[in-house]
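Engineer: Pasting structure-v4.txt here (compact mmCIF, N, CA, C and O atoms):
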# COMPACT_ATOMS: atom_id res chain seq x y z
N MET E 1 3.63 -80.13 -161.03
CA MET E 1 3.34 -78.80 -160.56
C MET E 1 4.62 -78.19 -159.98
O MET E 1 5.36 -78.83 -159.26
N LYS E 2 4.84 -76.98 -160.33
CA LYS E 2 6.04 -76.30 -159.85
C LYS E 2 5.77 -75.64 -158.51
O LYS E 2 4.69 -75.10 -158.28
N ARG E 3 6.79 -75.70 -157.70
CA ARG E 3 6.68 -75.05 -156.39
C ARG E 3 7.26 -73.64 -156.47
O ARG E 3 8.31 -73.42 -157.05
N ARG E 4 6.56 -72.70 -155.92
CA ARG E 4 7.08 -71.33 -155.83
C ARG E 4 7.91 -71.21 -154.58
O ARG E 4 7.54 -71.69 -153.53
N ARG E 5 9.02 -70.56 -154.76
CA ARG E 5 9.88 -70.36 -153.60
C ARG E 5 9.49 -69.07 -152.92
O ARG E 5 9.46 -68.01 -153.54
N ASN E 6 9.20 -69.16 -151.72
CA ASN E 6 8.89 -67.98 -150.92
C ASN E 6 9.99 -67.82 -149.89
O ASN E 6 10.70 -68.76 -149.56
N GLY E 7 10.11 -66.66 -149.42
CA GLY E 7 11.08 -66.47 -148.37
C GLY E 7 11.95 -65.25 -148.63
O GLY E 7 11.67 -64.38 -149.45
N LEU E 8 13.04 -65.22 -147.91
CA LEU E 8 13.94 -64.08 -147.92
C LEU E 8 14.60 -63.82 -149.28
O LEU E 8 14.64 -62.67 -149.71
N PRO E 9 15.10 -64.81 -150.00
CA PRO E 9 15.74 -64.52 -151.29
C PRO E 9 14.79 -63.88 -152.30
O PRO E 9 15.17 -62.95 -153.01
N SER E 10 13.55 -64.30 -152.36
CA SER E 10 12.63 -63.70 -153.32
C SER E 10 12.23 -62.29 -152.89
O SER E 10 12.02 -61.40 -153.72
N LEU E 11 12.13 -62.07 -151.60
CA LEU E 11 11.82 -60.73 -151.09
C LEU E 11 12.95 -59.76 -151.41
O LEU E 11 12.72 -58.64 -151.87
N LEU E 12 14.18 -60.20 -151.18
CA LEU E 12 15.33 -59.35 -151.51
C LEU E 12 15.42 -59.08 -152.99
O LEU E 12 15.73 -57.96 -153.42
N GLY E 13 15.15 -60.07 -153.82
CA GLY E 13 15.17 -59.88 -155.26
C GLY E 13 14.11 -58.89 -155.72
O GLY E 13 14.32 -58.08 -156.60
N GLY E 14 12.95 -58.94 -155.09
CA GLY E 14 11.86 -58.01 -155.43
C GLY E 14 12.13 -56.59 -154.99
O GLY E 14 11.68 -55.64 -155.60
N LEU E 15 12.87 -56.41 -153.91
CA LEU E 15 13.18 -55.07 -153.42
C LEU E 15 14.45 -54.50 -154.03
O LEU E 15 14.62 -53.28 -154.10
N LEU E 16 15.33 -55.37 -154.46
CA LEU E 16 16.63 -54.92 -154.95
C LEU E 16 16.52 -54.11 -156.25
O LEU E 16 17.19 -53.09 -156.40
N VAL E 17 15.65 -54.53 -157.15
CA VAL E 17 15.52 -53.83 -158.43
C VAL E 17 15.02 -52.40 -158.25
O VAL E 17 15.61 -51.46 -158.79
N PRO E 18 13.94 -52.15 -157.48
CA PRO E 18 13.51 -50.76 -157.29
C PRO E 18 14.54 -49.89 -156.56
O PRO E 18 14.70 -48.71 -156.87
N VAL E 19 15.26 -50.48 -155.61
CA VAL E 19 16.28 -49.71 -154.89
C VAL E 19 17.42 -49.32 -155.82
O VAL E 19 17.89 -48.17 -155.79
N ILE E 20 17.85 -50.23 -156.67
CA ILE E 20 18.92 -49.91 -157.64
C ILE E 20 18.45 -48.85 -158.62
O ILE E 20 19.19 -47.92 -158.95
N ALA E 21 17.20 -48.96 -159.09
CA ALA E 21 16.66 -47.97 -160.02
C ALA E 21 16.59 -46.59 -159.37
O ALA E 21 16.93 -45.58 -159.99
N ALA E 22 16.15 -46.53 -158.11
CA ALA E 22 16.07 -45.25 -157.41
C ALA E 22 17.45 -44.66 -157.20
O ALA E 22 17.65 -43.44 -157.35
N ALA E 23 18.43 -45.49 -156.88
CA ALA E 23 19.80 -45.00 -156.69
C ALA E 23 20.37 -44.46 -158.01
O ALA E 23 21.05 -43.43 -158.02
N ALA E 24 20.08 -45.14 -159.10
CA ALA E 24 20.55 -44.67 -160.41
C ALA E 24 19.92 -43.33 -160.77
O ALA E 24 20.60 -42.42 -161.27
N LEU E 25 18.63 -43.18 -160.51
CA LEU E 25 17.95 -41.91 -160.78
C LEU E 25 18.51 -40.78 -159.91
O LEU E 25 18.67 -39.65 -160.37
N LEU E 26 18.80 -41.08 -158.67
CA LEU E 26 19.37 -40.08 -157.77
C LEU E 26 20.75 -39.63 -158.26
O LEU E 26 21.05 -38.42 -158.27
N CYS E 27 21.56 -40.58 -158.68
CA CYS E 27 22.89 -40.24 -159.22
C CYS E 27 22.77 -39.38 -160.48
O CYS E 27 23.52 -38.42 -160.66
N PHE E 28 21.83 -39.72 -161.35
CA PHE E 28 21.63 -38.97 -162.58
C PHE E 28 21.17 -37.54 -162.28
O PHE E 28 21.66 -36.58 -162.88
N ALA E 29 20.24 -37.39 -161.34
CA ALA E 29 19.75 -36.05 -160.97
C ALA E 29 20.87 -35.21 -160.37
O ALA E 29 20.99 -34.01 -160.65
N THR E 30 21.70 -35.82 -159.56
CA THR E 30 22.83 -35.10 -158.95
C THR E 30 23.82 -34.65 -160.01
O THR E 30 24.33 -33.53 -159.97
N ALA E 31 24.09 -35.50 -160.98
CA ALA E 31 25.01 -35.15 -162.06
C ALA E 31 24.46 -34.00 -162.90
O ALA E 31 25.20 -33.08 -163.28
N LEU E 32 23.17 -34.01 -163.19
CA LEU E 32 22.56 -32.92 -163.96
C LEU E 32 22.63 -31.60 -163.20
O LEU E 32 22.89 -30.55 -163.79
N ASP E 33 22.38 -31.63 -161.90
CA ASP E 33 22.46 -30.42 -161.08
C ASP E 33 23.87 -29.86 -161.08
O ASP E 33 24.08 -28.65 -161.18
N SER E 34 24.84 -30.73 -160.99
CA SER E 34 26.24 -30.30 -161.01
C SER E 34 26.61 -29.69 -162.35
O SER E 34 27.32 -28.68 -162.42
N LEU E 35 26.14 -30.28 -163.43
CA LEU E 35 26.39 -29.74 -164.77
C LEU E 35 25.78 -28.35 -164.92
O LEU E 35 26.41 -27.44 -165.47
N ASP E 36 24.56 -28.18 -164.44
CA ASP E 36 23.88 -26.89 -164.55
C ASP E 36 24.61 -25.82 -163.75
O ASP E 36 24.76 -24.69 -164.21
N SER E 37 25.09 -26.17 -162.58
CA SER E 37 25.83 -25.22 -161.75
C SER E 37 27.13 -24.81 -162.43
O SER E 37 27.49 -23.63 -162.45
N GLY E 38 27.83 -25.75 -163.01
CA GLY E 38 29.07 -25.45 -163.71
C GLY E 38 28.84 -24.58 -164.93
O GLY E 38 29.64 -23.69 -165.24
N ARG E 39 27.74 -24.81 -165.63
CA ARG E 39 27.41 -24.01 -166.81
C ARG E 39 27.12 -22.56 -166.42
O ARG E 39 27.55 -21.62 -167.07
N ALA E 40 26.39 -22.37 -165.32
CA ALA E 40 26.06 -21.02 -164.87
C ALA E 40 27.33 -20.25 -164.50
O ALA E 40 27.45 -19.06 -164.83
N GLU E 41 28.26 -20.90 -163.82
CA GLU E 41 29.51 -20.24 -163.45
C GLU E 41 30.33 -19.88 -164.70
O GLU E 41 30.94 -18.82 -164.76
N GLU E 42 30.33 -20.76 -165.68
CA GLU E 42 31.07 -20.50 -166.92
C GLU E 42 30.44 -19.33 -167.69
O GLU E 42 31.15 -18.48 -168.24
N ASP E 43 29.11 -19.27 -167.74
CA ASP E 43 28.43 -18.16 -168.41
C ASP E 43 28.77 -16.83 -167.75
O ASP E 43 29.01 -15.82 -168.43
N LEU E 44 28.81 -16.81 -166.43
CA LEU E 44 29.15 -15.60 -165.69
C LEU E 44 30.58 -15.16 -166.00
O LEU E 44 30.83 -13.99 -166.25
N ARG E 45 31.50 -16.11 -166.02
CA ARG E 45 32.91 -15.81 -166.32
C ARG E 45 33.06 -15.30 -167.75
O ARG E 45 33.79 -14.34 -168.00
N GLN E 46 32.35 -15.89 -168.69
CA GLN E 46 32.44 -15.47 -170.08
C GLN E 46 31.90 -14.06 -170.28
O GLN E 46 32.46 -13.28 -171.06
N LEU E 47 30.80 -13.72 -169.60
CA LEU E 47 30.26 -12.37 -169.72
C LEU E 47 31.25 -11.34 -169.20
O LEU E 47 31.49 -10.32 -169.84
N GLU E 48 31.85 -11.61 -168.04
CA GLU E 48 32.83 -10.68 -167.49
C GLU E 48 34.03 -10.53 -168.43
O GLU E 48 34.52 -9.42 -168.65
N GLU E 49 34.50 -11.62 -168.99
CA GLU E 49 35.63 -11.57 -169.93
C GLU E 49 35.25 -10.80 -171.19
O GLU E 49 36.06 -10.02 -171.71
N THR E 50 34.04 -10.98 -171.67
CA THR E 50 33.58 -10.24 -172.85
C THR E 50 33.52 -8.75 -172.58
O THR E 50 33.91 -7.93 -173.43
N LEU E 51 33.07 -8.37 -171.40
CA LEU E 51 33.03 -6.95 -171.03
C LEU E 51 34.44 -6.36 -170.99
O LEU E 51 34.68 -5.26 -171.50
N ARG E 52 35.37 -7.09 -170.42
CA ARG E 52 36.76 -6.61 -170.35
C ARG E 52 37.37 -6.49 -171.74
O ARG E 52 38.07 -5.51 -172.04
N ARG E 53 37.11 -7.47 -172.60
CA ARG E 53 37.64 -7.40 -173.97
C ARG E 53 37.03 -6.22 -174.74
O ARG E 53 37.71 -5.58 -175.53
N GLY E 54 35.76 -5.95 -174.50
CA GLY E 54 35.12 -4.80 -175.13
C GLY E 54 35.76 -3.50 -174.68
O GLY E 54 35.98 -2.59 -175.48
N CYS E 55 36.09 -3.40 -173.39
CA CYS E 55 36.76 -2.20 -172.88
C CYS E 55 38.14 -2.04 -173.52
O CYS E 55 38.52 -0.93 -173.90
N VAL E 56 38.87 -3.13 -173.62
CA VAL E 56 40.21 -3.07 -174.21
C VAL E 56 40.12 -2.71 -175.70
O VAL E 56 40.93 -1.92 -176.20
N ALA E 57 39.14 -3.25 -176.40
CA ALA E 57 38.96 -2.92 -177.82
C ALA E 57 38.64 -1.44 -177.99
O ALA E 57 39.15 -0.79 -178.90
N CYS E 58 37.81 -0.90 -177.11
CA CYS E 58 37.49 0.52 -177.16
C CYS E 58 38.73 1.37 -176.89
O CYS E 58 38.98 2.35 -177.59
N TYR E 59 39.52 0.95 -175.91
CA TYR E 59 40.75 1.69 -175.59
C TYR E 59 41.73 1.65 -176.75
O TYR E 59 42.38 2.65 -177.07
N ALA E 60 41.83 0.50 -177.42
CA ALA E 60 42.74 0.37 -178.55
C ALA E 60 42.28 1.21 -179.73
O ALA E 60 43.11 1.80 -180.44
N ALA E 61 40.98 1.28 -179.96
CA ALA E 61 40.45 2.02 -181.11
C ALA E 61 40.35 3.52 -180.86
O ALA E 61 40.63 4.32 -181.75
N GLU E 62 39.97 3.92 -179.64
CA GLU E 62 39.67 5.32 -179.38
C GLU E 62 40.65 6.00 -178.43
O GLU E 62 40.62 7.23 -178.28
N GLY E 63 41.47 5.23 -177.74
CA GLY E 63 42.44 5.83 -176.83
C GLY E 63 41.91 6.10 -175.44
O GLY E 63 42.63 6.61 -174.58
N VAL E 64 40.65 5.78 -175.20
CA VAL E 64 40.05 5.94 -173.87
C VAL E 64 39.16 4.74 -173.59
O VAL E 64 38.65 4.10 -174.51
N TYR E 65 39.00 4.43 -172.31
CA TYR E 65 38.08 3.36 -171.94
C TYR E 65 36.66 3.89 -172.03
O TYR E 65 36.41 5.09 -171.88
N PRO E 66 35.69 3.03 -172.30
CA PRO E 66 34.30 3.50 -172.43
C PRO E 66 33.77 4.05 -171.11
O PRO E 66 34.07 3.51 -170.04
N PRO E 67 32.99 5.12 -171.17
CA PRO E 67 32.48 5.73 -169.94
C PRO E 67 31.38 4.91 -169.26
O PRO E 67 31.15 5.07 -168.07
N SER E 68 30.69 4.03 -170.02
CA SER E 68 29.59 3.26 -169.44
C SER E 68 29.35 1.99 -170.25
O SER E 68 29.85 1.83 -171.36
N ILE E 69 28.55 1.11 -169.68
CA ILE E 69 28.15 -0.11 -170.38
C ILE E 69 27.30 0.26 -171.60
O ILE E 69 27.39 -0.39 -172.64
N ASP E 70 26.48 1.28 -171.46
CA ASP E 70 25.63 1.69 -172.58
C ASP E 70 26.47 2.09 -173.79
O ASP E 70 26.08 1.85 -174.94
N TYR E 71 27.62 2.70 -173.56
CA TYR E 71 28.51 3.06 -174.66
C TYR E 71 28.99 1.81 -175.39
O TYR E 71 29.02 1.77 -176.62
N LEU E 72 29.35 0.77 -174.63
CA LEU E 72 29.77 -0.49 -175.25
C LEU E 72 28.61 -1.13 -176.02
O LEU E 72 28.81 -1.70 -177.10
N LYS E 73 27.42 -1.03 -175.48
CA LYS E 73 26.25 -1.60 -176.18
C LYS E 73 25.98 -0.86 -177.48
O LYS E 73 25.71 -1.49 -178.51
N ASP E 74 26.05 0.46 -177.44
CA ASP E 74 25.73 1.27 -178.63
C ASP E 74 26.80 1.20 -179.71
O ASP E 74 26.48 1.11 -180.90
N HIS E 75 28.07 1.24 -179.33
CA HIS E 75 29.14 1.36 -180.31
C HIS E 75 29.86 0.06 -180.64
O HIS E 75 30.52 -0.04 -181.67
N TYR E 76 29.77 -0.94 -179.77
CA TYR E 76 30.52 -2.18 -179.98
C TYR E 76 29.63 -3.43 -180.03
O TYR E 76 30.14 -4.54 -180.09
N GLY E 77 28.32 -3.24 -180.00
CA GLY E 77 27.39 -4.36 -180.15
C GLY E 77 27.33 -5.32 -178.98
O GLY E 77 26.90 -6.46 -179.14
N LEU E 78 27.75 -4.88 -177.81
CA LEU E 78 27.71 -5.74 -176.63
C LEU E 78 26.26 -5.99 -176.23
O LEU E 78 25.42 -5.09 -176.26
N GLN E 79 25.96 -7.25 -175.87
CA GLN E 79 24.62 -7.60 -175.42
C GLN E 79 24.72 -8.25 -174.05
O GLN E 79 25.53 -9.15 -173.84
N VAL E 80 23.90 -7.78 -173.11
CA VAL E 80 23.88 -8.31 -171.75
C VAL E 80 22.45 -8.69 -171.42
O VAL E 80 21.53 -7.90 -171.62
N ASP E 81 22.25 -9.91 -170.93
CA ASP E 81 20.94 -10.36 -170.48
C ASP E 81 20.69 -9.73 -169.11
O ASP E 81 21.12 -10.25 -168.08
N GLU E 82 20.00 -8.59 -169.10
CA GLU E 82 19.81 -7.83 -167.87
C GLU E 82 18.81 -8.47 -166.92
O GLU E 82 18.74 -8.11 -165.75
N VAL E 83 18.03 -9.42 -167.42
CA VAL E 83 17.12 -10.15 -166.54
C VAL E 83 17.92 -11.15 -165.71
O VAL E 83 17.66 -11.35 -164.53
N ARG E 84 18.93 -11.75 -166.32
CA ARG E 84 19.73 -12.78 -165.65
C ARG E 84 20.92 -12.22 -164.89
O ARG E 84 21.32 -12.77 -163.87
N TYR E 85 21.51 -11.13 -165.37
CA TYR E 85 22.74 -10.60 -164.77
C TYR E 85 22.61 -9.13 -164.40
O TYR E 85 21.90 -8.37 -165.05
N THR E 86 23.33 -8.75 -163.35
CA THR E 86 23.49 -7.35 -162.97
C THR E 86 24.96 -7.03 -163.15
O THR E 86 25.83 -7.74 -162.64
N VAL E 87 25.24 -5.95 -163.89
CA VAL E 87 26.62 -5.56 -164.16
C VAL E 87 26.88 -4.24 -163.45
O VAL E 87 26.16 -3.26 -163.63
N ARG E 88 27.93 -4.23 -162.63
CA ARG E 88 28.38 -2.99 -161.98
C ARG E 88 29.62 -2.54 -162.72
O ARG E 88 30.62 -3.24 -162.79
N TYR E 89 29.54 -1.36 -163.32
CA TYR E 89 30.61 -0.82 -164.14
C TYR E 89 31.00 0.53 -163.56
O TYR E 89 30.21 1.46 -163.55
N SER E 90 32.21 0.63 -163.06
CA SER E 90 32.66 1.86 -162.43
C SER E 90 33.91 2.37 -163.14
O SER E 90 35.00 1.81 -162.98
N ALA E 91 33.73 3.43 -163.91
CA ALA E 91 34.85 4.04 -164.63
C ALA E 91 35.35 5.23 -163.82
O ALA E 91 34.62 6.18 -163.56
N PHE E 92 36.62 5.18 -163.41
CA PHE E 92 37.21 6.23 -162.60
C PHE E 92 37.82 7.32 -163.47
O PHE E 92 37.62 8.50 -163.25
N ALA E 93 38.58 6.92 -164.47
CA ALA E 93 39.22 7.87 -165.37
C ALA E 93 39.27 7.25 -166.77
O ALA E 93 39.14 6.04 -166.93
N GLU E 94 39.46 8.09 -167.78
CA GLU E 94 39.45 7.62 -169.16
C GLU E 94 40.63 6.71 -169.48
O GLU E 94 40.55 5.88 -170.38
N ASN E 95 41.73 6.84 -168.74
CA ASN E 95 42.92 6.06 -169.05
C ASN E 95 43.16 4.89 -168.09
O ASN E 95 44.18 4.23 -168.17
N LEU E 96 42.20 4.63 -167.18
CA LEU E 96 42.30 3.50 -166.25
C LEU E 96 41.19 2.50 -166.54
O LEU E 96 40.05 2.88 -166.77
N MET E 97 41.57 1.23 -166.49
CA MET E 97 40.59 0.17 -166.73
C MET E 97 39.47 0.26 -165.71
O MET E 97 39.72 0.34 -164.51
N PRO E 98 38.21 0.26 -166.16
CA PRO E 98 37.08 0.34 -165.24
C PRO E 98 36.98 -0.91 -164.36
O PRO E 98 37.45 -1.98 -164.74
N ASP E 99 36.35 -0.75 -163.22
CA ASP E 99 36.08 -1.88 -162.33
C ASP E 99 34.77 -2.52 -162.80
O ASP E 99 33.74 -1.86 -162.84
N ILE E 100 34.83 -3.80 -163.16
CA ILE E 100 33.66 -4.50 -163.70
C ILE E 100 33.34 -5.67 -162.78
O ILE E 100 34.20 -6.50 -162.50
N THR E 101 32.08 -5.70 -162.32
CA THR E 101 31.61 -6.81 -161.48
C THR E 101 30.31 -7.32 -162.10
O THR E 101 29.41 -6.54 -162.38
N VAL E 102 30.23 -8.63 -162.30
CA VAL E 102 29.03 -9.25 -162.87
C VAL E 102 28.45 -10.18 -161.81
O VAL E 102 29.15 -11.03 -161.26
N LEU E 103 27.16 -10.00 -161.52
CA LEU E 103 26.47 -10.83 -160.55
C LEU E 103 25.25 -11.47 -161.21
O LEU E 103 24.60 -10.84 -162.04
N GLU E 104 24.98 -12.70 -160.83
CA GLU E 104 23.79 -13.37 -161.37
C GLU E 104 22.60 -13.06 -160.47
O GLU E 104 22.68 -13.17 -159.25
N ASN E 105 21.49 -12.66 -161.09
CA ASN E 105 20.29 -12.36 -160.34
C ASN E 105 19.62 -13.64 -159.86
O ASN E 105 19.74 -14.70 -160.49
N ALA E 106 18.91 -13.55 -158.76
CA ALA E 106 18.19 -14.71 -158.23
C ALA E 106 17.02 -15.02 -159.17
O ALA E 106 16.36 -14.11 -159.68
N PRO E 107 16.76 -16.31 -159.40
CA PRO E 107 15.65 -16.67 -160.33
C PRO E 107 14.30 -16.33 -159.79
O PRO E 107 14.01 -16.14 -158.70
What does the file become when written as structure tokens?
Structural biologist:
Amino acid sequence: MKRRRNGLPSLLGGLLVPVIAAAALLCFATALDSLDSGRAEEDLRQLEETLRRGCVACYAAEGVYPPSIDYLKDHYGLQVDEVRYTVRYSAFAENLMPDITVLENAP
């Protein structure tokens, strides 16, 4: 007949596996959250850069900066997810680059 070992080593062995698994899951969740945050910041930066490039393309083709975002949407095919982003576009003069600010809306 085999004797079962009871005591501290078996208790630690039984608790160690769930603790390691929980720590691994926590690390994985943290990494996913960090990835999602980085992706959101990159999307915001890309939208702002796309808006600026659209303005420069309009200036190169027409000799004036676009008067509004709607002009870029209608004539240059620009698409903005207005549910996710708010774009502040302030054009001061036709020959000066407009002030463009892109903000992410709260979910």
Engineer: For Arg88 (chain E), which residue out of E:Gln46, E:Ser68, E:Thr101, E:Thr30 is the nearest one, using only N, CA, C and O atoms?
Structural biologist: E:Thr101
Engineer: Based on the backbone DSSP call, show me all residues of region 20-107 of chain E assigned strand (DSSP E), as a list in words.
Structural biologist: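 Selection result, strand (DSSP E) within region 20-107 of chain E: Tyr85, Thr86, Val87, Arg88, Tyr89, Ser90, Asp99, Ile100, Thr101, Val102, Leu103 and Glu104 of chain E.
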Engineer: Got a sec to tell me which of chain E DSSP assigns to helix (DSSP H, G or I), as a PyMOL selection string?
Structural biologist: chain E and resi 8-62+69-76
Engineer: Residues within 8 Å of Asp81 (chain E), please, as a PyMOL selection string. Count all atoms listed in the file; anything in the same chain fewer than 4 positions from it doesn't count.
Structural biologist: chain E and resi 85-87+103-105
Engineer: Interatomic distance between CA of Gln79 (chain E) and CA of Ala93 (chain E)?
Structural biologist: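 Spanning CA of Gln79 (chain E) to CA of Ala93 (chain E) is a straight-line distance of 23.5 Å.
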Engineer: Which distance in Å separates atom N of Val102 (chain E) and CA of Leu51 (chain E), to one decimal?
Structural biologist: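 Separation of atom N of Val102 (chain E) and CA of Leu51 (chain E): 9.3 Å.
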Engineer: Figure out the distance between atom C of Tyr76 (chain E) and atom O of Gly54 (chain E), please, to one decimal in Å.
Structural biologist: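 These atoms are spaced 7.9 Å apart.
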Engineer: Report as a VMD selection string all protein, DNA and RNA residues lying within 8 Å of Pro67 (chain E), evaluated on only N, CA, C and O atoms, omitting residues in the same chain fewer than 2 positions from it.
Structural biologist: chain E and resid 64 to 65 69 to 72 89 to 94
